[in-house]
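> The file below is run.pdb, PDB, C-alpha atoms (C1' of nucleotides):
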```
ATOM      1  CA  MET X 196      -0.806   5.608  10.260
ATOM      2  CA  ASP X 197       2.396   4.110   8.819
ATOM      3  CA  ASP X 198       2.224   1.739  11.711
ATOM      4  CA  ASP X 199       3.131  -1.355   9.770
ATOM      5  CA  ARG X 200       6.094   0.268   8.152
ATOM      6  CA  LEU X 201       7.348   1.419  11.520
ATOM      7  CA  SER X 202       6.978  -2.096  12.923
ATOM      8  CA  GLU X 203       8.954  -3.488  10.022
ATOM      9  CA  VAL X 204      11.690  -0.918  10.390
ATOM     10  CA  PHE X 205      12.125  -1.477  14.115
ATOM     11  CA  ALA X 206      12.007  -5.239  13.661
ATOM     12  CA  ALA X 207      14.617  -5.017  10.915
ATOM     13  CA  LEU X 208      16.978  -3.069  13.152
ATOM     14  CA  ALA X 209      16.455  -5.397  16.103
ATOM     15  CA  ASP X 210      19.018  -7.777  14.625
ATOM     16  CA  PRO X 211      22.731  -7.051  15.252
ATOM     17  CA  ILE X 212      23.831  -8.323  11.851
ATOM     18  CA  ARG X 213      21.262  -6.208  10.046
ATOM     19  CA  ARG X 214      22.179  -3.197  12.128
ATOM     20  CA  ASP X 215      25.832  -3.707  11.311
ATOM     21  CA  MET X 216      25.039  -4.024   7.624
ATOM     22  CA  VAL X 217      23.137  -0.754   7.743
ATOM     23  CA  ALA X 218      26.092   0.828   9.525
ATOM     24  CA  ARG X 219      28.438  -0.323   6.799
ATOM     25  CA  LEU X 220      26.090   0.684   4.022
ATOM     26  CA  ALA X 221      26.141   4.211   5.407
ATOM     27  CA  ASP X 222      29.692   4.366   4.052
ATOM     28  CA  GLY X 223      28.652   3.305   0.589
ATOM     29  CA  ASP X 224      26.840   0.710  -1.476
ATOM     30  CA  ALA X 225      28.051  -2.866  -1.399
ATOM     31  CA  GLY X 226      27.423  -6.225  -3.002
ATOM     32  CA  VAL X 227      25.947  -9.152  -1.123
ATOM     33  CA  SER X 228      29.064 -11.279  -0.698
ATOM     34  CA  GLU X 229      31.025  -8.178   0.211
ATOM     35  CA  LEU X 230      28.464  -7.487   2.918
ATOM     36  CA  ALA X 231      28.448 -11.096   4.013
ATOM     37  CA  ALA X 232      32.227 -11.373   4.470
ATOM     38  CA  PRO X 233      32.534 -10.292   8.124
ATOM     39  CA  TYR X 234      29.796 -12.541   9.452
ATOM     40  CA  ASP X 235      30.028 -16.181  10.259
ATOM     41  CA  VAL X 236      26.860 -17.155   8.416
ATOM     42  CA  SER X 237      26.053 -18.414   4.947
ATOM     43  CA  LEU X 238      25.553 -16.125   1.980
ATOM     44  CA  GLN X 239      21.930 -17.233   1.883
ATOM     45  CA  ALA X 240      21.381 -16.046   5.419
ATOM     46  CA  VAL X 241      22.737 -12.626   4.479
ATOM     47  CA  SER X 242      20.499 -12.603   1.444
ATOM     48  CA  LYS X 243      17.536 -13.147   3.750
ATOM     49  CA  HIS X 244      18.641 -10.320   6.006
ATOM     50  CA  LEU X 245      18.808  -8.051   3.009
ATOM     51  CA  LYS X 246      15.303  -9.034   2.036
ATOM     52  CA  VAL X 247      14.088  -8.004   5.468
ATOM     53  CA  LEU X 248      15.876  -4.662   5.177
ATOM     54  CA  GLU X 249      14.463  -4.169   1.704
ATOM     55  CA  GLU X 250      10.892  -4.928   2.728
ATOM     56  CA  ALA X 251      11.265  -2.468   5.578
ATOM     57  CA  GLY X 252      12.291   0.133   3.009
ATOM     58  CA  LEU X 253      15.721   0.587   4.532
ATOM     59  CA  VAL X 254      17.617  -0.486   1.436
ATOM     60  CA  THR X 255      17.115  -0.880  -2.291
ATOM     61  CA  ARG X 256      18.934  -3.153  -4.686
ATOM     62  CA  ARG X 257      19.854  -2.662  -8.307
ATOM     63  CA  ARG X 258      21.474  -4.894 -10.881
ATOM     64  CA  GLU X 259      25.033  -4.281 -12.055
ATOM     65  CA  ALA X 260      26.466  -7.159 -14.121
ATOM     66  CA  GLN X 261      26.321 -10.228 -11.877
ATOM     67  CA  ARG X 262      26.372  -8.142  -8.727
ATOM     68  CA  ARG X 263      23.323  -6.827  -6.852
ATOM     69  CA  PRO X 264      24.640  -3.716  -5.114
ATOM     70  CA  VAL X 265      22.695  -2.702  -2.014
ATOM     71  CA  HIS X 266      21.924   0.932  -1.331
ATOM     72  CA  LEU X 267      20.886   2.481   1.973
ATOM     73  CA  GLU X 268      17.742   4.627   1.857
ATOM     74  CA  ALA X 269      18.221   7.241   4.520
ATOM     75  CA  GLU X 270      14.717   8.709   4.393
ATOM     76  CA  VAL X 271      13.180   5.864   6.359
ATOM     77  CA  PHE X 272      15.296   6.898   9.303
ATOM     78  CA  ASP X 273      13.210  10.019   9.544
ATOM     79  CA  LEU X 274      10.131   7.959  10.239
ATOM     80  CA  MET X 275      11.797   6.491  13.311
ATOM     81  CA  THR X 276      13.347   9.723  14.439
ATOM     82  CA  LYS X 277       9.976  11.434  14.251
ATOM     83  CA  TRP X 278       8.269   8.749  16.280
ATOM     84  CA  ILE X 279      10.989   8.661  18.884
ATOM     85  CA  GLU X 280      11.310  12.392  19.230
ATOM     86  CA  ARG X 281       7.603  12.850  19.564
ATOM     87  CA  TYR X 282       7.314  10.705  22.657
ATOM     88  CA  ARG X 283      10.676  11.538  24.104
ATOM     89  CA  GLN X 284       9.760  15.196  24.062
ATOM     90  CA  ARG X 285       6.396  14.587  25.639
ATOM     91  CA  ALA X 286       7.987  12.491  28.339
ATOM     92  CA  GLU X 287      10.572  15.160  28.968
ATOM     93  CA  GLU X 288       8.071  17.970  29.115
ATOM     94  CA  ARG X 289       6.164  16.003  31.660
ATOM     95  CA  PHE X 290       9.366  15.381  33.550
ATOM     96  CA  GLN X 291      10.159  19.068  33.601
ATOM     97  CA  ARG X 292       6.692  19.977  34.773
ATOM     98  CA  LEU X 293       7.193  17.469  37.554
ATOM     99  CA  ASP X 294      10.578  18.984  38.209
ATOM    100  CA  ALA X 295       9.031  22.407  38.486
ATOM    101  CA  VAL X 296       6.443  21.117  40.901
ATOM    102  CA  LEU X 297       9.115  19.542  43.039
ATOM    103  CA  GLU X 298      11.107  22.723  43.023
ATOM    104  CA  ARG X 299       8.108  24.737  44.057
ATOM    105  CA  MET X 300       7.506  22.272  46.835
ATOM    106  CA  GLN X 301      11.082  22.611  47.991
ATOM    107  CA  GLN X 302      10.976  26.377  47.866
ATOM    108  CA  ALA X 303       7.780  26.338  49.812
ATOM    109  CA  GLN X 304       9.486  24.139  52.337
ATOM    110  CA  ARG X 305      12.808  25.952  52.571
ATOM    111  CA  PRO X 306      11.606  28.833  54.761
ATOM    112  CA  THR X 307      10.479  26.374  57.379
ATOM    113  CA  ARG X 308      13.978  24.922  57.493
ATOM    114  CA  LYS X 309      16.686  26.829  59.319
ATOM    115  CA  GLU X 310      19.763  25.565  57.453
ATOM    116  CA  ASP X 311      19.726  23.572  54.230
ATOM    117  CA  ALA X 312      22.294  20.798  54.311
ATOM    118  CA  SER X 313      23.589  20.949  50.754
TER     119      SER X 313
ATOM    120  CA  MET Q 162      29.019  -1.645  22.410
ATOM    121  CA  ASP Q 163      25.571  -1.689  24.082
ATOM    122  CA  ASP Q 164      24.578  -3.833  21.177
ATOM    123  CA  ASP Q 165      22.333  -6.152  23.110
ATOM    124  CA  ARG Q 166      20.459  -3.336  24.741
ATOM    125  CA  LEU Q 167      19.887  -1.716  21.380
ATOM    126  CA  SER Q 168      18.580  -4.976  19.952
ATOM    127  CA  GLU Q 169      16.173  -5.307  22.841
ATOM    128  CA  VAL Q 170      14.950  -1.761  22.490
ATOM    129  CA  PHE Q 171      14.314  -2.018  18.762
ATOM    130  CA  ALA Q 172      12.659  -5.401  19.195
ATOM    131  CA  ALA Q 173      10.456  -4.014  21.941
ATOM    132  CA  LEU Q 174       9.272  -1.163  19.727
ATOM    133  CA  ALA Q 175       8.657  -3.451  16.766
ATOM    134  CA  ASP Q 176       5.275  -4.372  18.224
ATOM    135  CA  PRO Q 177       2.331  -1.996  17.622
ATOM    136  CA  ILE Q 178       0.752  -2.631  21.021
ATOM    137  CA  ARG Q 179       4.012  -1.972  22.815
ATOM    138  CA  ARG Q 180       4.627   1.140  20.756
ATOM    139  CA  ASP Q 181       1.168   2.393  21.592
ATOM    140  CA  MET Q 182       1.726   1.728  25.279
ATOM    141  CA  VAL Q 183       4.938   3.725  25.172
ATOM    142  CA  ALA Q 184       3.065   6.512  23.406
ATOM    143  CA  ARG Q 185       0.452   6.584  26.136
ATOM    144  CA  LEU Q 186       3.007   6.357  28.908
ATOM    145  CA  ALA Q 187       4.604   9.499  27.536
ATOM    146  CA  ASP Q 188       1.568  11.317  28.924
ATOM    147  CA  GLY Q 189       2.007   9.859  32.373
ATOM    148  CA  ASP Q 190       2.366   6.693  34.403
ATOM    149  CA  ALA Q 191      -0.386   4.108  34.305
ATOM    150  CA  GLY Q 192      -1.401   0.831  35.900
ATOM    151  CA  VAL Q 193      -1.463  -2.427  34.012
ATOM    152  CA  SER Q 194      -5.216  -2.861  33.591
ATOM    153  CA  GLU Q 195      -5.500   0.789  32.701
ATOM    154  CA  LEU Q 196      -2.932   0.239  29.977
ATOM    155  CA  ALA Q 197      -4.605  -2.973  28.867
ATOM    156  CA  ALA Q 198      -8.068  -1.445  28.417
ATOM    157  CA  PRO Q 199      -7.848  -0.318  24.774
ATOM    158  CA  TYR Q 200      -6.486  -3.581  23.427
ATOM    159  CA  ASP Q 201      -8.374  -6.698  22.576
ATOM    160  CA  VAL Q 202      -6.036  -9.058  24.408
ATOM    161  CA  SER Q 203      -5.910 -10.580  27.858
ATOM    162  CA  LEU Q 204      -4.406  -8.789  30.826
ATOM    163  CA  GLN Q 205      -1.701 -11.461  30.921
ATOM    164  CA  ALA Q 206      -0.672 -10.641  27.384
ATOM    165  CA  VAL Q 207      -0.276  -6.999  28.355
ATOM    166  CA  SER Q 208       1.707  -8.034  31.396
ATOM    167  CA  LYS Q 209       4.066  -9.889  29.070
ATOM    168  CA  HIS Q 210       4.418  -6.860  26.825
ATOM    169  CA  LEU Q 211       5.330  -4.792  29.838
ATOM    170  CA  LYS Q 212       7.972  -7.317  30.798
ATOM    171  CA  VAL Q 213       9.516  -6.939  27.363
ATOM    172  CA  LEU Q 214       9.510  -3.153  27.683
ATOM    173  CA  GLU Q 215      10.984  -3.395  31.154
ATOM    174  CA  GLU Q 216      13.781  -5.730  30.109
ATOM    175  CA  ALA Q 217      14.605  -3.364  27.286
ATOM    176  CA  GLY Q 218      14.930  -0.612  29.878
ATOM    177  CA  LEU Q 219      12.113   1.415  28.372
ATOM    178  CA  VAL Q 220       9.942   1.321  31.466
ATOM    179  CA  THR Q 221      10.212   0.707  35.193
ATOM    180  CA  ARG Q 222       7.543  -0.453  37.594
ATOM    181  CA  ARG Q 223       6.971   0.366  41.217
ATOM    182  CA  ARG Q 224       4.495  -0.894  43.785
ATOM    183  CA  GLU Q 225       1.632   1.277  44.946
ATOM    184  CA  ALA Q 226      -0.946  -0.639  46.986
ATOM    185  CA  GLN Q 227      -2.290  -3.368  44.683
ATOM    186  CA  ARG Q 228      -1.376  -1.426  41.579
ATOM    187  CA  ARG Q 229       1.923  -1.672  39.712
ATOM    188  CA  PRO Q 230       2.232   1.699  38.007
ATOM    189  CA  VAL Q 231       4.422   1.723  34.924
ATOM    190  CA  HIS Q 232       6.806   4.580  34.250
ATOM    191  CA  LEU Q 233       8.436   5.481  30.947
ATOM    192  CA  GLU Q 234      12.212   5.900  31.058
ATOM    193  CA  ALA Q 235      13.023   8.460  28.405
ATOM    194  CA  GLU Q 236      16.805   8.112  28.546
ATOM    195  CA  VAL Q 237      16.832   4.889  26.563
ATOM    196  CA  PHE Q 238      15.441   6.810  23.632
ATOM    197  CA  ASP Q 239      18.753   8.602  23.404
ATOM    198  CA  LEU Q 240      20.509   5.340  22.682
ATOM    199  CA  MET Q 241      18.355   4.843  19.617
ATOM    200  CA  THR Q 242      18.503   8.417  18.501
ATOM    201  CA  LYS Q 243      22.281   8.365  18.693
ATOM    202  CA  TRP Q 244      22.527   5.201  16.645
ATOM    203  CA  ILE Q 245      20.092   6.413  14.037
ATOM    204  CA  GLU Q 246      21.566   9.873  13.713
ATOM    205  CA  ARG Q 247      25.066   8.549  13.384
ATOM    206  CA  TYR Q 248      24.331   6.527  10.286
ATOM    207  CA  ARG Q 249      21.756   8.839   8.826
ATOM    208  CA  GLN Q 250      24.296  11.639   8.879
ATOM    209  CA  ARG Q 251      27.014   9.508   7.345
ATOM    210  CA  ALA Q 252      24.644   8.438   4.591
ATOM    211  CA  GLU Q 253      23.676  12.017   3.941
ATOM    212  CA  GLU Q 254      27.230  13.297   3.897
ATOM    213  CA  ARG Q 255      28.065  10.639   1.378
ATOM    214  CA  PHE Q 256      25.059  11.643  -0.647
ATOM    215  CA  GLN Q 257      26.182  15.238  -0.675
ATOM    216  CA  ARG Q 258      29.739  14.362  -1.626
ATOM    217  CA  LEU Q 259      28.347  12.333  -4.503
ATOM    218  CA  ASP Q 260      26.222  15.296  -5.440
ATOM    219  CA  ALA Q 261      29.282  17.504  -5.514
ATOM    220  CA  VAL Q 262      31.156  15.023  -7.655
ATOM    221  CA  LEU Q 263      28.347  14.896 -10.151
ATOM    222  CA  GLU Q 264      28.240  18.629 -10.306
ATOM    223  CA  ARG Q 265      31.976  18.842 -10.916
ATOM    224  CA  MET Q 266      31.675  16.273 -13.652
ATOM    225  CA  GLN Q 267      29.012  18.295 -15.339
ATOM    226  CA  GLN Q 268      31.045  21.478 -15.126
ATOM    227  CA  ALA Q 269      34.150  19.725 -16.426
ATOM    228  CA  GLN Q 270      32.186  18.414 -19.331
ATOM    229  CA  ARG Q 271      30.530  21.629 -20.378
ATOM    230  CA  PRO Q 272      33.624  23.328 -22.013
ATOM    231  CA  THR Q 273      34.538  20.273 -24.084
ATOM    232  CA  ARG Q 274      30.982  20.050 -25.249
ATOM    233  CA  LYS Q 275      31.502  21.761 -28.594
ATOM    234  CA  GLU Q 276      31.119  19.034 -31.122
ATOM    235  CA  ASP Q 277      30.185  16.084 -28.861
ATOM    236  CA  ALA Q 278      27.761  14.022 -30.975
ATOM    237  CA  SER Q 279      29.930  10.995 -29.913
TER     238      SER Q 279
ATOM    239  C1'  DG D 181      28.671 -23.391 -25.752
ATOM    240  C1'  DG D 182      30.677 -24.120 -21.186
ATOM    241  C1'  DA D 183      32.718 -22.580 -16.927
ATOM    242  C1'  DA D 184      33.055 -19.158 -13.432
ATOM    243  C1'  DT D 185      31.046 -15.484 -10.612
ATOM    244  C1'  DG D 186      27.392 -13.591  -7.743
ATOM    245  C1'  DG D 187      23.114 -14.218  -5.862
ATOM    246  C1'  DT D 188      18.301 -16.158  -5.031
ATOM    247  C1'  DC D 189      14.685 -19.799  -4.067
ATOM    248  C1'  DA D 190      12.956 -23.763  -1.465
ATOM    249  C1'  DA D 191      12.670 -27.037   2.089
ATOM    250  C1'  DC D 192      13.770 -27.944   6.467
ATOM    251  C1'  DC D 193      14.899 -27.309  11.591
ATOM    252  C1'  DA D 194      15.510 -25.363  16.393
ATOM    253  C1'  DC D 195      14.098 -21.566  18.843
ATOM    254  C1'  DT D 196      11.406 -17.411  19.885
ATOM    255  C1'  DT D 197       7.149 -14.761  20.045
ATOM    256  C1'  DG D 198       2.543 -13.343  21.003
ATOM    257  C1'  DG D 199      -1.344 -15.149  22.265
ATOM    258  C1'  DT D 200      -4.367 -18.230  25.269
ATOM    259  C1'  DT D 201      -6.271 -20.304  29.914
ATOM    260  C1'  DG D 202      -5.851 -21.543  34.791
ATOM    261  C1'  DA D 203      -3.871 -20.977  39.165
ATOM    262  C1'  DG D 204      -2.138 -18.006  42.626
ATOM    263  C1'  DA D 205       0.344 -14.000  44.983
ATOM    264  C1'  DA D 206      -0.036  -9.256  47.387
ATOM    265  C1'  DA D 207      -2.311  -5.580  49.253
ATOM    266  C1'  DA D 208      -6.649  -3.324  50.757
ATOM    267  C1'  DC D 209     -11.623  -3.669  52.336
ATOM    268  C1'  DT D 210     -14.779  -5.302  54.932
TER     269       DT D 210
ATOM    270  C1'  DA V 126     -10.554 -14.601  58.378
ATOM    271  C1'  DG V 127     -12.616 -14.045  53.854
ATOM    272  C1'  DT V 128     -13.341 -11.253  49.615
ATOM    273  C1'  DT V 129     -12.074  -8.157  46.097
ATOM    274  C1'  DT V 130      -8.802  -5.869  43.231
ATOM    275  C1'  DT V 131      -4.696  -5.919  40.663
ATOM    276  C1'  DC V 132      -1.358  -8.257  38.690
ATOM    277  C1'  DT V 133       2.137 -12.263  37.760
ATOM    278  C1'  DC V 134       3.607 -17.088  36.848
ATOM    279  C1'  DA V 135       3.231 -21.510  34.312
ATOM    280  C1'  DA V 136       1.985 -24.469  30.674
ATOM    281  C1'  DC V 137       0.652 -24.742  26.289
ATOM    282  C1'  DC V 138       0.006 -23.612  21.180
ATOM    283  C1'  DA V 139       0.283 -21.643  16.354
ATOM    284  C1'  DA V 140       2.988 -18.783  13.730
ATOM    285  C1'  DG V 141       7.276 -16.439  12.830
ATOM    286  C1'  DT V 142      12.538 -16.004  12.750
ATOM    287  C1'  DG V 143      17.298 -17.031  11.782
ATOM    288  C1'  DG V 144      19.936 -20.433  10.500
ATOM    289  C1'  DT V 145      21.257 -24.507   7.448
ATOM    290  C1'  DT V 146      21.960 -27.170   2.794
ATOM    291  C1'  DG V 147      21.062 -28.053  -2.087
ATOM    292  C1'  DA V 148      19.343 -26.665  -6.381
ATOM    293  C1'  DC V 149      19.007 -23.136  -9.533
ATOM    294  C1'  DC V 150      19.094 -18.478 -12.226
ATOM    295  C1'  DA V 151      21.642 -14.557 -14.504
ATOM    296  C1'  DT V 152      25.618 -12.532 -16.221
ATOM    297  C1'  DT V 153      30.255 -12.333 -17.859
ATOM    298  C1'  DC V 154      34.655 -14.596 -19.438
ATOM    299  C1'  DC V 155      37.146 -18.060 -22.186
TER     300       DC V 155
END
```
Do you think you could lay out the structure here as structure tokens?


Amino acid sequence: MDDDRLSEVFAALADPIRRDMVARLADGDAGVSELAAPYDVSLQAVSKHLKVLEEAGLVTRRREAQRRPVHLEAEVFDLMTKWIERYRQRAEERFQRLDAVLERMQQAQRPTRKEDAS
Amino acid sequence: MDDDRLSEVFAALADPIRRDMVARLADGDAGVSELAAPYDVSLQAVSKHLKVLEEAGLVTRRREAQRRPVHLEAEVFDLMTKWIERYRQRAEERFQRLDAVLERMQQAQRPTRKEDAS
DNA sequence: GGAATGGTCAACCACTTGGTTGAGAAAACT
DNA sequence: AGTTTTCTCAACCAAGTGGTTGACCATTCC
């Protein structure tokens, strides 16, 4: 499947700085030094982070005079959401089946008890 | 915020083996060697992977005779989903506002377009 | 053309990661 | 008490990650 891509995306978002950059890019495109400003690291480090995000498909970069504005690509988020939702739902279904079983067990037990202490 | 936790969770899911284990655990709890079976790595390696998942809060382990069944904790998924949805939505809203602006620009331009030729 | 602005490339370094093997702990089964 | 089953801990290793500094490229401004 798109297993590699998914690995790259998760890995990219595992870093707090990269996650924060994504968060800020959700409000609009930004240049590299603009993005770098809040963090206490070199511009080169930020450039590397952006490369990681780009290779994961989370952002794209264009040229605009000397600047290289960074743009967030929201579609990749869907890949994650799909993966997550798939397994969350399965886990929850299972949980609810278990819940139902427990409830049935309780109901089966209730008659044998005189007074339920709830 | 729960920034560290989020970093751990994303990092945990950045590995294909760990992601596959989570996928399988969505269908029900499993022991370590049972989980290890499909992969071409040592049992110890799998044990390490499970430690990573556990520290990220994605799974819990209990004792059951010699076995240590692993259980998927679905709640942590919500943390990710929330983060993702937050920024995806913001990015999409922005996209739609931009779309609206472009449309307005086009409409504003149409009447003046009599002798354009520039 | 030369300087200023904005960013990347390359080499290096400390630390982490995912894997290995070997030893050993914990519970159940004779 | 000894063996088997199931799993973890410890030490080690190669490769990867996030950071640094220094050199350099591309574009605009004077």

> So which residues get picked by the PyMOL selection byres ((chain D and resi 206) around 9) here, written as number ranges by chain?

Q: 226-227; D: 205, 207; V: 131-132

> Give as a PyMOL selection string the residues that the PyMOL selection byres ((chain Q) within 9 of (chain X)) matches when applied to the coordinates above.

chain Q and resi 164-165+167-177+180+183-189+233-236+238-239+241-242+245-253+255

> Write out as a VMD selection string each polymer residue whose atoms come within 7 Å of region 193-197 of chain Q, counting only C-alpha atoms (C1' of nucleotides); drop sequence neighbours fewer than 2 positions from it.

chain Q and resid 182 191 199 to 200 204 207 to 208 229 to 230

> RMSD over all C-alpha atoms, chain X superposed on chain Q in order?

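Least-squares fit of chain X onto chain Q, C-alpha RMSD 2.9 Å.
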
> Report as a count of residues only all protein, DNA and RNA residues lying within 12 Å of DC137 (chain V), evaluated on only C-alpha atoms (C1' of nucleotides), omitting residues in the same chain fewer than 6 positions from it.

4

> Enumerate, in order of chain and increasing residue number, the residues of chain V with an atom no farther than 8 Å from chain X, each with its shortest atom pair and distance in Å to one decimal, counting only C-alpha atoms (C1' of nucleotides), as CSV.


```
residue,atom,partner,partner_atom,distance
V:DG143,C1',X:Ala240,CA,7.6
V:DG144,C1',X:Ala240,CA,6.9
V:DA151,C1',X:Gln261,CA,6.9
V:DT152,C1',X:Gln261,CA,5.0
V:DT153,C1',X:Ala260,CA,7.4
```

> For the residues in that selection, give me C-alpha atoms (C1' of nucleotides) as a PDB file, in the frame of the given file.


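Below you can see part_27.pdb, which holds the result:
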```pdb
ATOM      1  C1'  DG V 143      17.298 -17.031  11.782  1.00  0.00           C
ATOM      2  C1'  DG V 144      19.936 -20.433  10.500  1.00  0.00           C
ATOM      3  C1'  DA V 151      21.642 -14.557 -14.504  1.00  0.00           C
ATOM      4  C1'  DT V 152      25.618 -12.532 -16.221  1.00  0.00           C
ATOM      5  C1'  DT V 153      30.255 -12.333 -17.859  1.00  0.00           C
TER       6       DT V 153
END
```

> Of the candidates D:DC189, D:DA203, D:DG198, D:DA184, which shows the shortest atom-to-atom distance to chain Q, using all atoms listed in the file?

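Nearest to chain Q: D:DG198.
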
> Given the file above and the PyMOL selection byres ((chain D) within 8 of (chain X)), which residues are selected, and can you give them as a ChimeraX atom specification?

/D:185-188

> Go ahead and compute the interatomic distance for C1' of DA148 (chain V) and C1' of DG181 (chain D), in Å to one decimal.

21.7 Å

> Between CA of Arg256 (chain X) and CA of Asp235 (chain X), measure the distance and give it in Å to one decimal.

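Those two atoms sit 22.7 Å apart.
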
> Interatomic distance between C1' of DA194 (chain D) and C1' of DA136 (chain V)?

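So the answer is 19.7 Å.
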
> Can you sort out region 218-225 of chain Q so it carries all heavy atoms, written as a PDB file, keeping the file's coordinate frame?


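Written out: part-v2.pdb:
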```pdb
ATOM      1  N   GLY Q 218      14.576  -1.842  29.163  1.00  0.00           N
ATOM      2  CA  GLY Q 218      14.930  -0.612  29.878  1.00  0.00           C
ATOM      3  C   GLY Q 218      14.058   0.573  29.522  1.00  0.00           C
ATOM      4  O   GLY Q 218      14.348   1.703  29.897  1.00  0.00           O
ATOM      5  N   LEU Q 219      12.974   0.313  28.786  1.00  0.00           N
ATOM      6  CA  LEU Q 219      12.113   1.415  28.372  1.00  0.00           C
ATOM      7  C   LEU Q 219      11.157   1.860  29.465  1.00  0.00           C
ATOM      8  O   LEU Q 219      10.704   3.014  29.467  1.00  0.00           O
ATOM      9  CB  LEU Q 219      11.311   1.008  27.130  1.00  0.00           C
ATOM     10  CG  LEU Q 219      12.072   1.119  25.809  1.00  0.00           C
ATOM     11  CD1 LEU Q 219      11.429   0.285  24.718  1.00  0.00           C
ATOM     12  CD2 LEU Q 219      12.124   2.580  25.364  1.00  0.00           C
ATOM     13  N   VAL Q 220      10.823   0.949  30.355  1.00  0.00           N
ATOM     14  CA  VAL Q 220       9.942   1.321  31.466  1.00  0.00           C
ATOM     15  C   VAL Q 220      10.443   0.715  32.773  1.00  0.00           C
ATOM     16  O   VAL Q 220      11.232  -0.231  32.780  1.00  0.00           O
ATOM     17  CB  VAL Q 220       8.486   0.834  31.243  1.00  0.00           C
ATOM     18  CG1 VAL Q 220       7.939   1.343  29.917  1.00  0.00           C
ATOM     19  CG2 VAL Q 220       8.391  -0.671  31.306  1.00  0.00           C
ATOM     20  N   THR Q 221       9.980   1.284  33.872  1.00  0.00           N
ATOM     21  CA  THR Q 221      10.212   0.707  35.193  1.00  0.00           C
ATOM     22  C   THR Q 221       8.864   0.589  35.887  1.00  0.00           C
ATOM     23  O   THR Q 221       7.907   1.272  35.508  1.00  0.00           O
ATOM     24  CB  THR Q 221      11.134   1.598  36.038  1.00  0.00           C
ATOM     25  OG1 THR Q 221      10.614   2.933  36.021  1.00  0.00           O
ATOM     26  CG2 THR Q 221      12.536   1.615  35.490  1.00  0.00           C
ATOM     27  N   ARG Q 222       8.802  -0.287  36.869  1.00  0.00           N
ATOM     28  CA  ARG Q 222       7.543  -0.453  37.594  1.00  0.00           C
ATOM     29  C   ARG Q 222       7.797  -0.337  39.077  1.00  0.00           C
ATOM     30  O   ARG Q 222       8.783  -0.846  39.614  1.00  0.00           O
ATOM     31  CB  ARG Q 222       6.973  -1.850  37.320  1.00  0.00           C
ATOM     32  CG  ARG Q 222       6.444  -2.050  35.936  1.00  0.00           C
ATOM     33  CD  ARG Q 222       6.971  -3.341  35.359  1.00  0.00           C
ATOM     34  NE  ARG Q 222       5.891  -4.285  35.062  1.00  0.00           N
ATOM     35  CZ  ARG Q 222       6.096  -5.521  34.641  1.00  0.00           C
ATOM     36  NH1 ARG Q 222       7.328  -5.968  34.497  1.00  0.00           N
ATOM     37  NH2 ARG Q 222       5.101  -6.298  34.375  1.00  0.00           N
ATOM     38  N   ARG Q 223       6.875   0.307  39.765  1.00  0.00           N
ATOM     39  CA  ARG Q 223       6.971   0.366  41.217  1.00  0.00           C
ATOM     40  C   ARG Q 223       5.702  -0.233  41.801  1.00  0.00           C
ATOM     41  O   ARG Q 223       4.784  -0.611  41.070  1.00  0.00           O
ATOM     42  CB  ARG Q 223       7.135   1.820  41.675  1.00  0.00           C
ATOM     43  CG  ARG Q 223       5.974   2.733  41.315  1.00  0.00           C
ATOM     44  CD  ARG Q 223       6.275   4.181  41.727  1.00  0.00           C
ATOM     45  NE  ARG Q 223       5.069   4.994  41.565  1.00  0.00           N
ATOM     46  CZ  ARG Q 223       4.617   5.400  40.390  1.00  0.00           C
ATOM     47  NH1 ARG Q 223       5.252   5.063  39.274  1.00  0.00           N
ATOM     48  NH2 ARG Q 223       3.518   6.140  40.307  1.00  0.00           N
ATOM     49  N   ARG Q 224       5.688  -0.360  43.117  1.00  0.00           N
ATOM     50  CA  ARG Q 224       4.495  -0.894  43.785  1.00  0.00           C
ATOM     51  C   ARG Q 224       3.755   0.264  44.432  1.00  0.00           C
ATOM     52  O   ARG Q 224       4.373   1.157  45.007  1.00  0.00           O
ATOM     53  CB  ARG Q 224       4.925  -1.903  44.841  1.00  0.00           C
ATOM     54  CG  ARG Q 224       3.778  -2.503  45.620  1.00  0.00           C
ATOM     55  CD  ARG Q 224       3.719  -4.013  45.425  1.00  0.00           C
ATOM     56  NE  ARG Q 224       2.382  -4.421  45.050  1.00  0.00           N
ATOM     57  CZ  ARG Q 224       2.070  -5.636  44.627  1.00  0.00           C
ATOM     58  NH1 ARG Q 224       2.997  -6.548  44.493  1.00  0.00           N
ATOM     59  NH2 ARG Q 224       0.846  -5.928  44.317  1.00  0.00           N
ATOM     60  N   GLU Q 225       2.438   0.220  44.346  1.00  0.00           N
ATOM     61  CA  GLU Q 225       1.632   1.277  44.946  1.00  0.00           C
ATOM     62  C   GLU Q 225       0.306   0.624  45.316  1.00  0.00           C
ATOM     63  O   GLU Q 225      -0.592   0.534  44.500  1.00  0.00           O
ATOM     64  CB  GLU Q 225       1.424   2.390  43.918  1.00  0.00           C
ATOM     65  CG  GLU Q 225       1.001   3.709  44.487  1.00  0.00           C
ATOM     66  CD  GLU Q 225       1.090   4.796  43.415  1.00  0.00           C
ATOM     67  OE1 GLU Q 225       0.084   4.980  42.706  1.00  0.00           O
ATOM     68  OE2 GLU Q 225       2.155   5.440  43.281  1.00  0.00           O
TER      69      GLU Q 225
END
```
